[in-house]
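With compact mmCIF, C-alpha atoms inside, this is my_file_39.txt:
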# COMPACT_ATOMS: atom_id res chain seq x y z
CA MET A 1 61.68 -187.76 73.29
CA TYR A 2 58.78 -186.52 75.42
CA LYS A 3 59.97 -182.90 75.03
CA SER A 4 59.98 -183.12 71.22
CA VAL A 5 56.46 -184.65 71.21
CA PHE A 6 55.24 -181.99 73.64
CA PHE A 7 56.71 -179.07 71.64
CA GLY A 8 55.53 -180.62 68.37
CA GLY A 9 52.00 -180.73 69.78
CA ILE A 10 52.15 -177.07 70.80
CA VAL A 11 53.43 -176.01 67.36
CA SER A 12 50.71 -177.99 65.55
CA LEU A 13 48.06 -176.50 67.86
CA LEU A 14 49.26 -172.95 67.11
CA LEU A 15 49.39 -173.62 63.37
CA SER A 16 45.90 -175.16 63.31
CA SER A 17 44.37 -172.12 65.08
CA ALA A 18 46.07 -169.72 62.63
CA ALA A 19 45.00 -171.87 59.69
CA SER A 20 41.34 -171.58 60.69
CA ALA A 21 41.35 -167.81 60.09
CA GLU A 22 39.73 -166.48 56.93
CA THR A 23 41.00 -163.43 55.01
CA VAL A 24 39.08 -160.26 54.15
CA TYR A 25 40.67 -158.16 51.38
CA PHE A 26 40.10 -154.40 51.06
CA PRO A 27 40.42 -152.21 47.95
CA GLU A 28 42.86 -149.32 48.33
CA GLU A 29 39.99 -146.83 48.67
CA ILE A 30 38.44 -148.56 51.72
CA ILE A 31 40.68 -148.37 54.78
CA PRO A 32 40.07 -150.67 57.79
CA LEU A 33 40.51 -148.70 61.03
CA GLN A 34 39.18 -151.03 63.74
CA VAL A 35 37.81 -154.54 64.35
CA ASP A 36 35.45 -154.53 67.33
CA GLU A 37 37.65 -152.96 70.05
CA LYS A 38 41.00 -153.54 68.30
CA VAL A 39 42.44 -150.48 66.52
CA ILE A 40 44.39 -151.28 63.35
CA GLU A 41 47.77 -149.59 63.11
CA HIS A 42 48.76 -148.05 59.76
CA SER A 43 52.10 -146.43 58.98
CA PHE A 44 52.73 -143.35 56.84
CA PHE A 45 54.04 -145.32 53.84
CA SER A 46 52.03 -148.50 54.14
CA ARG A 47 48.56 -149.53 55.13
CA VAL A 48 46.70 -152.69 56.02
CA ASP A 49 44.69 -154.02 53.08
CA GLU A 50 43.76 -157.45 54.43
CA LEU A 51 42.62 -158.88 57.75
CA GLU A 52 42.65 -162.46 59.02
CA LEU A 53 39.56 -163.20 61.09
CA ASN A 54 38.22 -166.38 62.67
CA PRO A 55 34.67 -167.33 61.66
CA GLY A 56 32.18 -165.14 63.49
CA THR A 57 30.50 -161.74 63.36
CA TYR A 58 32.50 -158.51 63.71
CA SER A 59 32.00 -154.76 63.74
CA LEU A 60 34.46 -153.12 61.34
CA LYS A 61 35.25 -149.41 61.43
CA LEU A 62 36.18 -148.26 57.91
CA LYS A 63 36.98 -145.09 56.01
CA TYR A 64 36.62 -144.25 52.32
CA SER A 65 39.44 -142.20 50.73
CA ASP A 66 39.99 -141.64 47.02
CA LEU A 67 42.04 -139.36 44.74
CA TYR A 68 40.61 -137.79 41.59
CA GLU A 69 42.45 -135.86 38.90
CA GLN A 70 40.87 -132.44 38.36
CA GLY A 71 43.14 -131.09 35.65
CA TYR A 72 46.65 -131.33 34.26
CA ASP A 73 48.33 -130.82 37.62
CA GLU A 74 45.43 -130.71 40.06
CA HIS A 75 43.98 -133.46 42.23
CA HIS A 76 41.13 -133.72 44.69
CA VAL A 77 41.09 -136.06 47.69
CA VAL A 78 37.64 -137.30 48.74
CA ASP A 79 37.30 -138.72 52.27
CA SER A 80 34.35 -140.05 54.20
CA GLU A 81 33.89 -139.84 57.93
CA PRO A 82 34.74 -143.18 59.61
CA PHE A 83 31.78 -145.55 59.52
CA TRP A 84 30.91 -148.98 60.92
CA VAL A 85 29.62 -152.13 59.24
CA SER A 86 28.79 -155.55 60.65
CA VAL A 87 30.24 -158.58 58.80
CA THR A 88 29.78 -162.31 59.28
CA ILE A 89 32.71 -164.52 58.33
CA ASP A 90 32.01 -168.17 57.48
CA GLN A 91 34.57 -170.94 57.88
CA GLY A 92 36.47 -171.87 54.73
CA LYS A 93 35.68 -168.65 52.86
CA ASN A 94 37.82 -165.65 51.98
CA TYR A 95 36.17 -162.33 51.16
CA ASP A 96 36.56 -159.07 49.24
CA ILE A 97 35.10 -155.75 50.29
CA VAL A 98 33.69 -154.33 47.03
CA PHE A 99 32.00 -151.10 45.90
CA ASN A 100 31.23 -149.21 42.70
CA ARG A 101 33.93 -146.56 42.33
CA ALA A 102 32.58 -143.14 41.31
CA ASP A 103 33.56 -141.80 37.87
CA ASN A 104 34.41 -138.32 39.15
CA ALA A 105 35.06 -136.33 42.31
CA VAL A 106 31.51 -134.95 42.49
CA ALA A 107 30.01 -138.47 42.48
CA ALA A 108 32.70 -139.55 44.96
CA GLU A 109 31.63 -136.78 47.37
CA VAL A 110 28.06 -138.12 47.21
CA PHE A 111 29.35 -141.65 47.86
CA ALA A 112 31.45 -140.39 50.81
CA GLU A 113 28.31 -139.01 52.45
CA SER A 114 26.70 -142.45 52.44
CA PRO A 115 29.18 -145.23 51.54
CA GLN A 116 27.63 -148.33 49.98
CA ILE A 117 29.90 -151.34 50.15
CA SER A 118 29.40 -155.11 49.98
CA LEU A 119 31.09 -158.22 51.34
CA LYS A 120 31.69 -160.72 48.54
CA ALA A 121 32.91 -164.28 49.11
CA LYS A 122 35.74 -165.30 46.76
CA GLY A 123 34.27 -167.12 43.76
CA SER A 124 30.80 -165.67 44.32
CA SER A 125 29.19 -163.46 41.70
CA LEU A 126 27.12 -161.47 44.20
CA GLY A 127 28.13 -159.50 47.24
CA MET A 128 26.09 -158.97 50.41
CA PRO A 129 25.40 -155.23 50.91
CA LEU A 130 26.64 -153.92 54.26
CA GLN A 131 24.70 -151.28 56.18
CA ALA A 132 27.03 -148.36 57.01
CA SER A 133 26.47 -146.62 60.33
CA ILE A 134 28.18 -143.82 62.27
CA THR A 135 27.82 -145.81 65.51
CA ALA A 136 29.27 -149.26 66.02
CA PRO A 137 26.79 -152.10 65.47
CA ARG A 138 26.66 -154.73 68.17
CA ALA A 139 28.50 -157.79 66.85
CA GLN A 140 26.92 -161.10 67.80
CA ALA A 141 28.90 -164.31 67.49
CA ALA A 142 27.83 -166.38 64.53
CA PRO A 143 26.35 -169.80 65.39
CA THR A 144 29.30 -171.56 63.72
CA ALA A 145 31.93 -169.55 65.61
CA SER A 146 33.56 -171.14 68.61
CA THR A 147 33.44 -168.96 71.72
CA ASN A 148 36.76 -170.44 72.88
CA LYS A 149 38.71 -169.03 69.94
CA PRO A 150 40.17 -165.53 70.02
CA ALA A 151 38.15 -163.08 67.90
CA VAL A 152 41.11 -162.12 65.72
CA ALA A 153 43.61 -164.79 64.71
CA SER A 154 46.40 -162.52 63.54
CA MET A 155 45.73 -158.99 62.60
CA PRO A 156 47.65 -158.25 60.51
CA VAL A 157 50.38 -160.85 59.94
CA SER A 158 52.19 -158.08 58.12
CA ALA A 159 51.13 -154.69 56.92
CA PRO A 160 51.47 -154.94 53.14
CA ILE A 161 52.65 -151.85 51.33
CA SER A 162 49.65 -150.25 49.70
CA LYS A 163 49.39 -149.70 45.99
CA PRO A 164 50.20 -146.15 44.90
CA ALA A 165 47.38 -143.66 44.55
CA PRO A 166 45.48 -144.07 41.28
CA THR A 167 47.00 -142.23 38.35
CA THR A 168 46.13 -141.61 34.74
CA ALA A 169 48.46 -141.24 31.78
CA GLN A 170 50.07 -138.20 33.44
CA SER A 171 51.56 -138.74 36.88
CA PRO A 172 50.19 -136.60 39.73
CA SER A 173 52.39 -133.89 41.16
CA ALA A 174 54.46 -134.45 44.27
CA SER A 175 52.29 -131.98 46.18
CA ALA A 176 49.13 -133.92 45.24
CA MET A 177 50.74 -137.17 46.39
CA LEU A 178 51.89 -135.54 49.64
CA ASP A 179 48.33 -134.30 50.19
CA PHE A 180 46.97 -137.79 49.49
CA TRP A 181 49.32 -139.46 51.99
CA TRP A 182 48.81 -136.68 54.54
CA GLN A 183 45.09 -137.50 54.50
CA GLN A 184 45.90 -141.19 55.14
CA ALA A 185 48.18 -140.47 58.12
CA SER A 186 47.08 -140.57 61.74
CA PRO A 187 47.52 -137.43 63.90
CA GLU A 188 50.54 -139.05 65.57
CA GLU A 189 52.16 -139.84 62.19
CA ARG A 190 51.52 -136.27 61.01
CA LYS A 191 53.21 -134.90 64.14
CA ARG A 192 56.26 -137.17 63.69
CA PHE A 193 56.50 -136.16 60.03
CA LEU A 194 56.35 -132.44 60.84
CA ASN A 195 59.02 -132.87 63.53
CA LYS A 196 61.23 -134.65 61.03
CA VAL A 197 60.95 -132.08 58.24
CA THR A 198 61.28 -129.02 60.49
CA LYS A 199 64.54 -130.10 62.16
Starting from the file, lay out its structure as structure tokens.
Amino acid sequence: MYKSVFFGGIVSLLLSSAASAETVYFPEEIIPLQVDEKVIEHSFFSRVDELELNPGTYSLKLKYSDLYEQGYDEHHVVDSEPFWVSVTIDQGKNYDIVFNRADNAVAAEVFAESPQISLKAKGSSLGMPLQASITAPRAQAAPTASTNKPAVASMPVSAPISKPAPTTAQSPSASAMLDFWWQQASPEERKRFLNKVTK
């Protein structure tokens, strides 16, 4: 009897701490790389497109990567250097990272030089612009955040499979898709891939 009450209390405590986390959703063009000191692991065929964070303030390391069709069978990948933003997560709110996607590769290259993204609470019509920086901003705990809670509740619960690269009426070539995914892969993933295909 006492054991079941004890274990039931532990389970409810674990569930209540996980339930307090809020979710931040990322578009496929904005890739989360790090939260404060925690590096986010991506695999070659899937990437993380949402994070569960407890209320508080965090430094997020992000990267912009997009694919633009140049011609019938030609594509151009536009990447930014990794950059940092500081976000504040409020209790009871989920968020989207939003930005205005460029119409063409030239405009995307300009965007990649100085990414302009916003944090928008679900249900809100306006997003809060985030200041992009090459160096990590110093994250301060928000007044509502409890200092006893871990910074990241579960990150990620699972790594959802990303949506395929954007296409138009004509599908991109296999080589363009390979180039796109090669750009998404970490150096370690690239090395494993090369070892696999050269055996």
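Computed from the coordinates, the CA of Glu22 (chain A) to CA of Ser114 (chain A) distance equals 27.7 Å.
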At a cut-off of 12 Å, can you tabulate as CSV every residue of region 61-139 of chain A near region 43-49 of chain A together with its closest atom pair and the distance in Å to one decimal, using only C-alpha atoms and ordering rows by chain then number?
residue,atom,partner,partner_atom,distance
A:Leu62,CA,A:Asp49,CA,11.4
A:Asp96,CA,A:Asp49,CA,10.3
A:Ile97,CA,A:Asp49,CA,10.1
I'd like the contact shell of Asn104 (chain A) - 10 Å cut-off, all atoms listed in the file, skipping same-chain residues fewer than 2 positions apart - returned as a PDB file with C-alpha atoms, keeping the file's coordinate frame.
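Output (result_26.pdb):
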ATOM      1  CA  LEU A  67      42.040-139.360  44.740  1.00  0.00           C
ATOM      2  CA  TYR A  68      40.610-137.790  41.590  1.00  0.00           C
ATOM      3  CA  GLU A  69      42.450-135.860  38.900  1.00  0.00           C
ATOM      4  CA  GLN A  70      40.870-132.440  38.360  1.00  0.00           C
ATOM      5  CA  HIS A  76      41.130-133.720  44.690  1.00  0.00           C
ATOM      6  CA  ARG A 101      33.930-146.560  42.330  1.00  0.00           C
ATOM      7  CA  ALA A 102      32.580-143.140  41.310  1.00  0.00           C
ATOM      8  CA  VAL A 106      31.510-134.950  42.490  1.00  0.00           C
ATOM      9  CA  ALA A 107      30.010-138.470  42.480  1.00  0.00           C
ATOM     10  CA  ALA A 108      32.700-139.550  44.960  1.00  0.00           C
ATOM     11  CA  GLU A 109      31.630-136.780  47.370  1.00  0.00           C
TER      12      GLU A 109
END
| Residue among A:Tyr95, A:Tyr58, A:Val77, A:Ile117 lying closest to Ile30 (chain A), counting only C-alpha atoms |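 Under the stated criterion, the closest residue is A:Ile117.
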Q: Can you work out the spacing between CA of Phe111 (chain A) and CA of Leu130 (chain A) in Å, to one decimal?
A: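 CA of Leu130 (chain A) lies 14.1 Å from CA of Phe111 (chain A).
The coordinates place CA of Ser65 (chain A) at 5.6 Å from CA of Val78 (chain A).
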Using all atoms listed in the file, the best pick from A:Leu53, A:Asp90, A:Asp79, A:Val98 as closest to Phe26 (chain A) would be A:Val98
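Between Gly123 (chain A) and the candidates A:Ala136, A:Ala105, A:Ser59, A:Asn94, the tightest atom-to-atom separation, counting only C-alpha atoms, involves A:Asn94.
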